[in-house]
Amino acid sequence: MADEEDKSGAGVGKLKGSKQTKRAPRYFDDSSDVTSKDKHENEKPSEGKSEDKKKSGKKRTSAPDGDHADTKRGKESWDSDEEKDPFPGEAPVKEETLARYTRGEGNKVKMRAKTAGPKLERKTMEKKFHLAAKQAARAELLLGEDHGYLEASDDEDTSQLSQTDIADAVDISAAQKHFDLKLDKFGPYRMNYTRNGRFLVIGGRRGHVAALDWMSKKLLCEINVMEGVHDVKWLHVETMFAVAQQRWTYIYDHQGVELHCLKKFNNVLKMEFLPYHFLLATASSTGFLQYLDVSLGKELVAINVKQGCLNVMTQNPQTAVVHLGHANGTVTLWSPNVKEPLAKLLSHVTAVRSIAIDKTGTYMATSGQDRYMKVFDIRAMKPLQVYRMSAGAGQLAFSQTGLVAAALGNVVEVYKDCCSNVAEKPYLTHRLRNNISGLQFCPYEDVLGVGHRDGFTSLLIPGAGEANFDAFENNPYQTKKQRRDYEVKMLLEKIQPEMIGLEPGGVGQVSQLTAQEVEKREQEAVQKKFEPARKKKGRSKSLKTVQRTKGVEEEWRRMKVRQKMREEEEKRKKQQKDQKKKEKWGSALDRFQRKDN
Amino acid sequence: MKMTAQSAYISFKVSFSDEKFFVGGEVLLNGRTFCDIGQSSAIMADDPVRTLLQMNADQPEEDDSALALSDDEVGSDNEGQHRSLLDAITSLDKKSRIKGKVIQRSEPSLQVSPFDISSGDNGGSRVHLNELVGSLRNTNQFSKVKTQIRKMQGRQKVMEAPLVKPQAQRIERSLAYKATKKEVSRWTPIVRQNRQAAQLVFPLQQEPVSLPTTDSMVKTFKPSTDLEREIFEVLHGSKFAERRDHELTEAEEEALRAMSLDEALSRRKELQKMRALQSYHAAKCAREKKIKSKKYHRVKKRSRLHAEKLAIEELHKTNPELAQEEIRKAEKLHAEERASLRHKNTGKWARSKMVMAKFDEEARQAISEQLHKSRELTNQIRALQQDSSSEEDQEEEEEEEKEEEESEEAVAMETVADDDKNPWMKSALKVNSKSDQKTDLPVEEKEQIKTDEKEKQVEETSEKKVTEEQPQIDNKEEQEVVTVVSKKKRKRNKKKKGEGNEAEEKADWSEVLKGEKKTGKKRKRRGKKTEVEAKKSRPDVMERSTDEAGEVQDFDDDETMLEEGLERRKTLEEVEAAAKTPDTKTNSAQQLTADKATNPSLQKQRDIVKEVHINPDKFFTIKPSKLRSSAPTYLDVDDNIDMIDFDQQRENIEEAFANDDVVSEFVEEKRKAEEAGKPKDIDLFMPGWGNWGGVGVKANPKKRTRFIKRAPPPKPRQDWGLHHVIINEDKDEPMKTHQVRHLPKGFGSVAEFERSIRAPLGKDWNTPSAVAKLTEPKVVTRAGTIIEPISGEETFKKGTGKNMDLEGIDEDKEGGKKDRRNRGRRNNKNDKK
C-alpha cells in the first residue's frame, strides 16, 4: 500500500527513459536506442534554439550601443569580457558528493607557531587530502552515465514485465543480450563472467565446458571433459579459466587446451578467484578450503574447515575474505593467513544455501533452508533485513548497482533496494522451466546470467550494470594489447596474501604489543647472558672465560643496582621537594578553605 | 673643603682637607705627560688643565693669604713666625677635626699606566697642573690658553687605555658574536620559509619563463624574407590597413572627411548595420552547420529544392532562357552522377553501413535513402514536383509498415503469453486491458492470499510443536508487516499534515485510512486544475482504495489484532473520526466479529506469540518482513549426480528437523571462545616451598593464593553485544609483518597515526593533479642546472638599508676570506721559491 503511494506521482511510461541503454552499446555504436534517439531529436533543436537566442540576444545588445569597432576589433572587447568573470572563484562542490570522497575524519592539528616539523607536515597533508577529495568530487562530472531503472506506471508493476516486453522495448543491440542457450543434454550449468563482462564460461554438470564471447556469440572453445563439472571460474584474464571437475581441478586456456591439472585440489565444489591477490580459493566436499597462488602456481594453504562438505562459498570483493556457508546455519569468514575462521556468524537455524556480497563489501545476503533471506551489514556484522520468501533461495547474486537476484527453484527474482530499506515485492521476475544452478550479474551490463538444467539464459535487468567503467580497472572494450599490458600491470600490483584481513585497511594499523608480549621481551632481556669473546693463546681457557663472564655479569648487576638506587634517590628527592613546597605554600586547594577557621 | 677631580686615565677620588699641602687638589698628569699629550693631541690635553683651572677658581682666598703670610713672616720674626705657624697648624688641625674628614683614597694598584703615572705615593715628584698654570688665573692675558684648558676640562672624554689582552679579546669576541648573530639571524626567516615550503625547486633563483605573447611578437617582428617584406608593406604601408589605436583606417577617415557630417553618419550607420548583419549571418550559418539532426537537414534540403523549383517555374514564366539554363545544369549534374560511382553502395561509408544494416534500422534506412537518391539521379529527369511527392509517399508507406509491425508484435505477445501459460502474465495483460475494472481483486493478489493461507496452515501445525524456539510465526510476522506499514503511513501523515496536530499522529488504522482518503481528496482538488492531471489522479485514488481493501482482506486477522491494541488508546474524538469513515470501519468490525466467532483458538495462539515476542531473542533481532515472491514450481530433485543427491538428502533432513540445537551450540562455542581469549592466572605455587611437603600434607590455601599471579582484566571483545557473532581475537601474525610496530615519532596516538594515512595517494583513487600534489617531492632539482649555494647578495637584493649594512659586513667578511686565501697562495708561492 505504501509503495503505491510512492509511485503514484512518478511513473508514466513503461520504460522510463529506458536508461539501461544509456551506456554506449558495445559493437553497434551507431545504433543507439530507438526511444532515446527520438527523445534526443526532439530535444536537440530546441536546445539549439535556446542557445541561439542567448547568443543573438547578446549581440543585439552589444551591436547598437557599441560602435562597429566593437565588432571589428574584437580583441579589446574580448579582454574586457574575460575580466568580468560571472562566476568568480572555484566552482562549488556539493557537500554530499564531497562527503563521498572524504575518507573519514581527519586529524585536527593545532599549531602554536609556524614551525617546520611533523605537525606542519601533517597539516599540509590534511589540506592535500581535502583537495584530493574535492577534486575527486568535481571529477564526478565525468561520470555522465547513469544506470537507469524500470519504472512502472500506476496501473502496473515492474515485476509483471516479462523479458520479451523488455527486449521489445529496448534497442536491437540491447535486445540481443537476452538469449537462451538450449543445452538440455548436459545437466545443470554453472557459469562465470570475466571481470570486464566480455566473456562467459559455462560448465555443465555432465562435462560440457564452453567459453564464449557472449555478446557476439563467438565461441572461444567448447570441450567435454568427460567428467562431472562442479564449477567454472575465469582467472585474472580471459585466456585462462579453472574448472572444478569430479576429481581434480583443471586449468584450461581459452582454446580449451588443458594447461594444468591441480591434483592437490580434489573434489572441489565451489571456486572463487581473488583477482588482486591472484588467488584461486576452492572449497571441497572433503571440507578443505584451499588457496592456489595463480601467479606462482603454488598451493598457498589448505585449511581444514571441519564443517563437512563445503558447497556454499563466496568472496568479499572489498576485503578478499572468503565466506563459507555451513549446514549448521553459520557463515564463516576466512583468510589464508589464519587457520581458524576470522569470524563466525549464525545467520540461519538451518543450512545456509547461498551467500552473496555486494561490491562495496557492505552488505551480505544469505539464504537458508528455512526460507529466509537475510541481509547483514558485514562491517558491523549486524542484521539489517530479514525476508520471508516463498522458497529458500538456492542462488543469490548482487549486481554492481546493488540489485539482489535470488533463484527460488526455477524462478529468478530480482529485488531492488532491499538492503537498506524493506523491499516488499520483486523488481523483476522470470520463470524458467528448470531448476537454477548458477546466477551472476554480468559486470557493466544490464544482464543477469542464469545457468540452469536446460542450459544458459541471459536476462535483461535494466539498471543492473555499472554505467561508468574505469578502463584502467576493468575495460569492457579491451584490445589484445591492452589485455597484455593489463596483465603485467596486475602482476606488478599484486597484493600479498598476508594482507587479507577482516578490515580492508588492516595494513595501515599499528600492531601494538600485547601485555604478554611485553612481558616476554622483558624476560628475554633479563636472561641475556654475556658471551666472552675468544682470545688467543691460552687466554680463553675455561677458568679465564668463567672469570671474565662472572666479572662482566657482576658489573651488569651492579650497574642495575646503581641505576635503581639512582632512580630511588631521584624519587626521594623529588618527594622531599614536593613536601617542602607543600609546607611552604600549602596545598593548592587551601585557597578554598574557610578563612575563619 | 672638598674637591673632586677625575683623572683622565685613572679615576680615583681624593678629598682634600689641607689646602696648604695640596693646593689645587690632585694633579694626575705630571708635567711630562701633559706635554706629551699636549703635543700629540691638544683636545685630550685640554681636560686636566681645565680642571685645574676650575679648581683654582674654586679655591678660597685663604690659600693665597696663607701663602702670602708665610712669605711675609719669613723676614720679620722667627719666634712669631713659629708661633703663628703653630697656630695655623693647630687651627688647621682643629678644622680638620671638626670636619671629621678622613683622607680617602682608592688606588688601583694593579693597573699600570702606559704613561708612567704613579699612583701618588711618590707625591714629592708629582707635578700638578695647578702649579704649572695656576698663575694663569691671575692674569688677564693668555685667554686663549685659558679657554683651551677649560674646554679640555669640560670634555673629559679620553681614549681608554688598551685593555689587558684576554679581556680585550673577550670583548672582541662578544662583539664579533653579536655581529655574527645579527648577520646570521637575518637568514632565519629565509631558512624557516624554506623549511616550511611544501616544495623547493633548485636552483632557487629562477628567472620566470613565459611564452611570448602575440603582442610582443608583433612588436618585435621584422620581415626577413621578400615575401614577408611585401606583405608587411601592404599591411602597414597602405592607407587601408587597420591601425592599432584608431577606429578607422586612413582611407575611411579620408572618406569621412570628404563626406558631409550627415552623410558620414549615415554611411557609418550603414556600415555598422552591414557588419552586424554579416556577423549574424555568420553565426547563423555556423549554428546551422553544427546541427547534426538529419531530419532537420532533410527538411531544409527539401525546402530549398522546393524554393528552387518554384524559382525555375517562375523563370519559365518570366525568363525561359534562364530556365533552360537551369535545366541544363540539372542535366549536367545528372550526367555526372551517372558517370561517377557516387551514391552507389560501393563507398567506405556505405560498406560500413551495410555491415550494420543487419541489426541497425537506421543504417538500413540510410542505405536505402542513398540508393533511392542514386536512382533518382540516374533515372530520367522527372519534374521536380514528382520527386517531392514520391518522398512523401515513401514516408507514408514507412509509417504504414511500422503500424503493421506493431500489430504483429502485439499478436506475438499474446501468443507468447498463451504459450507460457503463465498466470502472472495473463493477469498482467488482463490488468492492462481492463484498466477500468479495478474493483475486482487482481489475480495476483488472490494467488497471494491462497499461498498465504497454505503457509499458515503449514506453520500453524509446526507452531504447536515448537513455539518458543521459533519466533517467526506467521501471525506475528504479518502483524509486524502491518505495523511497519502503518508506521510508514504515520510518518507520511506527519509530513503532510505537519507536526502541529499531534492528536492525529496517534491515529489508529482507520484514522490512517481516513488520512489517506483526505490526501486523495486533496489530490483530486489539485487535479481539477488541469484535466490531464485529474485523469491521472482519479484512477490512482480508486486503485489505492481497492488495494487497501485487498490488503485488509489479506491481513484480516492482523487487522483484528491491531484493533485490539488500539482500542485501549481510543478517545472520543477518534471514535467520532472513525465514525466518519464507516466503510472500512464496518468492514474491519465485521471481520473482527467473524474472526472471533470462527476461531477462538487463534487468540490463544496470539497470546503465546506475544510471550515469545516479549522474550528478548538475542539472535534474530530483526523482525522478518515478507516478500511477495512467487512460488516456484519446485523441481529440486536431481537424480544423476550423487553429490547433489547426498546434499539434497541432508538438506531435506535438516529442513525437516529444523535444528534447534544450532543456537545452543553456537552459544556454547562462543562461551568457549571467550574463555580461551581471557588471560589466565599463573600459579607459581611449589609444594614444599615455605611449607611442609610430602604425601598427605595439605598446603595452606592462603599461602597458595599468595603464589598465584593474577592476570590483567581481559580486553573488551570485538563481538561484545553481538550474540550471533564470534570474532577471532587472535592476532593475525602474517599481517603483522606488514604493519607498523611502534607508533612513529611525532604522533600523539595510534588513532592519530592511522588517521594520517587514511587517504590513498595513488592514481586509482585520485585525480592526476591530486596525485601530483599528494606525492610531490620535498626537493626538486632541475636537470642540467647548476645549483649555487644560497647567497646573501641575491636573497637580500630588495632589502632595506639595514640589510644593506649587513651586506657590507658580509662583503668585509668575504674580503677577509679572500685575503686569507691570497695569503695562503702567497705562502705557497714563497714555499716554492
# chains A, B, ... in the order shown; residues from 1 in each chain; ligands from 1

call {"tool": "select_by_dssp", "arguments": {"residues": "segment 114-202 of chain A", "states": "alpha helix (DSSP H)", "output": "PyMOL selection string"}}
result
chain A and resi 118-139+163-169+172-175

call {"tool": "residues_around", "arguments": {"residues": "segment 279-282 of chain A", "least_positions_apart": "6", "cutoff": "9 Å", "atoms": "only C-alpha atoms", "output": "number ranges by chain"}}
result
A: 235, 242, 244, 265, 268-273, 288-295, 300, 313, 322, 497

call {"tool": "closest_residue", "arguments": {"among": "A:Lys580, A:Lys123, A:Arg591, A:Arg521", "to": "chain B", "atoms": "only C-alpha atoms"}}
result
A:Lys123

call {"tool": "atom_distance", "arguments": {"atom1": "atom CA of Thr332 of chain A", "atom2": "atom CA of Trp248 of chain A"}}
result
24.5 Å

call {"tool": "residues_around", "arguments": {"residues": "Leu98 of chain A", "least_positions_apart": "2", "cutoff": "10 Å", "atoms": "only C-alpha atoms", "output": "ChimeraX atom specification"}}
result
/A:93-96,100-103,130,132-138

call {"tool": "atom_distance", "arguments": {"atom1": "atom CA of Asn194 of chain B", "atom2": "atom CA of Val780 of chain B"}}
result
12.8 Å
